[in-house]
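Asks: Handing you this structure, nothing more for now.
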Amino acid sequence: MSRSSRRVPEAAIARPPSEVDLHIEQLADNYAQMSRPDMLKLQLQTFGKSLKNAIATGIVEIVCIHGVGVLRTELHRWLGKHPNVKFYQGARKEKFGYGTTAVKIK
């Protein structure tokens with residue numbers, strides 16, 4: 001399937017920011033009551049939606065701010081299998097340390 005056939009009208013899709021912060025306190029007010037698996041699920045779903053919208057709106061790179069723990073590991077595992085990801089690599093270490101990943105989209 002070509003890139004143009006995957007696109008939906010831009011008015012229907014929200015263009016995501018170029019940097020997506022997945023720290024749980026940025027995503028949920030009630031994070032203190034959430035289980036760790038629920039937090040991880042919300043974080044991965046949030047990035048998945050941002051990546052989907054980036055693909056649909058023609059963005060070629062998106063940066064994920066995630067930290068260096070389990071979320072990073074799971075995110076990299078997921079990105080490695082994603083058919084629309086060209087490659088991913090650590091990003092902006094001088095600004096965020098090792099807790100970011102730049103994702104290049106096909």
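The way I read the labels, and the way they are meant: chains A, B, ... in the order of the structure tokens, residue 1 as the first residue of every chain, and ligand 1 as the first ligand shown, with later ones counted on from there.
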Go through chain A and collect every residue that DSSP, computed from the backbone, puts in strand (DSSP E); the answer should be as a list in words.

Replies: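 Answer for chain A, restricted to strand (DSSP E): Glu19, Val20, Asp21, Glu61, Ile62, Val63, Cys64, Ile65, Val85, Lys86, Phe87, Tyr88, Gln89, Gly90, Thr100, Thr101, Ala102, Val103, Lys104 and Ile105 of chain A.
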
Asks: Which residues, written as a list of chain:residue names, have at least one atom at most 12 Å from Ala54 (chain A), with only C-alpha atoms counted and residues fewer than 6 positions away on the same chain left out?

Replies: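 Residues meeting the cut-off are A:Arg3, A:Arg6, A:Arg7, A:Val8, A:Glu10, A:Ile13, A:Ala14, A:Arg15, A:Pro16, A:Pro17, A:Ser18, A:Glu19, A:Val20, A:Phe47, A:Gly48, A:Val60, A:Glu61, A:Ile62, A:Val63, A:Asn84, A:Val85, A:Val103, A:Lys104, A:Ile105, A:Lys106.
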
Asks: Convert the current residue selection to file output with C-alpha atoms, as a PDB file, in the first residue's frame.

Replies:
ATOM      1  CA  ARG A   3       1.782   6.225   1.521  1.00  0.00           C
ATOM      2  CA  ARG A   6      -2.968   5.325   3.632  1.00  0.00           C
ATOM      3  CA  ARG A   7      -3.642   9.004   4.235  1.00  0.00           C
ATOM      4  CA  VAL A   8      -6.937  10.313   5.404  1.00  0.00           C
ATOM      5  CA  GLU A  10      -5.844  16.059   7.386  1.00  0.00           C
ATOM      6  CA  ILE A  13      -6.743  13.673  11.920  1.00  0.00           C
ATOM      7  CA  ALA A  14      -5.045  15.737  14.623  1.00  0.00           C
ATOM      8  CA  ARG A  15      -1.424  16.469  13.709  1.00  0.00           C
ATOM      9  CA  PRO A  16       0.636  15.304  16.691  1.00  0.00           C
ATOM     10  CA  PRO A  17       3.382  17.417  18.227  1.00  0.00           C
ATOM     11  CA  SER A  18       6.917  16.623  17.056  1.00  0.00           C
ATOM     12  CA  GLU A  19       7.776  15.562  20.639  1.00  0.00           C
ATOM     13  CA  VAL A  20       5.460  13.247  22.567  1.00  0.00           C
ATOM     14  CA  PHE A  47       2.325   6.859  21.527  1.00  0.00           C
ATOM     15  CA  GLY A  48       0.524   4.504  19.147  1.00  0.00           C
ATOM     16  CA  VAL A  60       8.441  11.893   8.704  1.00  0.00           C
ATOM     17  CA  GLU A  61       9.872  12.008  12.250  1.00  0.00           C
ATOM     18  CA  ILE A  62       8.454  12.018  15.732  1.00  0.00           C
ATOM     19  CA  VAL A  63      10.376  12.063  19.026  1.00  0.00           C
ATOM     20  CA  ASN A  84       5.594   2.000   8.930  1.00  0.00           C
ATOM     21  CA  VAL A  85       8.739   2.647  10.970  1.00  0.00           C
ATOM     22  CA  VAL A 103      11.293   7.552  15.067  1.00  0.00           C
ATOM     23  CA  LYS A 104      11.713   7.902  11.298  1.00  0.00           C
ATOM     24  CA  ILE A 105       8.544   7.053   9.407  1.00  0.00           C
ATOM     25  CA  LYS A 106       8.484   5.367   6.000  1.00  0.00           C
TER      26      LYS A 106
END

Asks: Nearest to Glu74 (chain A) among A:Ala56, A:Leu44, A:Leu22, A:Ala102, with distances taken over only C-alpha atoms: which residue is it?

Replies: A:Leu44

Asks: What's around region 25-40 of chain A at 9 Å? Count only C-alpha atoms, leave out sequence neighbours fewer than 4 positions away in its own chain, and write the answer as a compact mmCIF listing (two decimals) with C-alpha atoms, in the first residue's frame.

Replies:
# COMPACT_ATOMS: atom_id res chain seq x y z
CA ASP A 21 6.05 13.16 26.33
CA LEU A 44 1.93 2.76 24.69
CA GLN A 45 -1.60 3.58 23.49
CA THR A 46 -0.80 7.29 23.61
CA VAL A 70 10.37 -0.66 31.01
CA LEU A 71 8.54 1.81 28.77
CA GLU A 74 8.55 -2.07 25.31

Asks: Could you check how far CA of Lys86 (chain A) sits from CA of Gly99 (chain A), in Å to one decimal?

Replies: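 Distance between the two atoms: 20.0 Å.
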
Asks: If you measure from CA of Gly80 (chain A) to CA of Cys64 (chain A), what distance in Å do you get, rounded to one decimal?

Replies: 14.5 Å

Asks: Going by DSSP on the backbone, which bits of region 5-66 of chain A are alpha helix (DSSP H)? Write them as a ChimeraX atom specification, please.

Replies: /A:5-6,24-27,36-56

Asks: Here is a test: counting only C-alpha atoms, which residue of A:Ile59, A:Leu51, A:Ile65, A:Ile24 is nearest to His82 (chain A)?

Replies: A:Leu51

Asks: Go ahead and compute the interatomic distance for CA of Thr100 (chain A) and CA of Asn53 (chain A), in Å to one decimal.

Replies: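 So the two atoms, CA of Thr100 (chain A) and CA of Asn53 (chain A), lie 19.2 Å apart.
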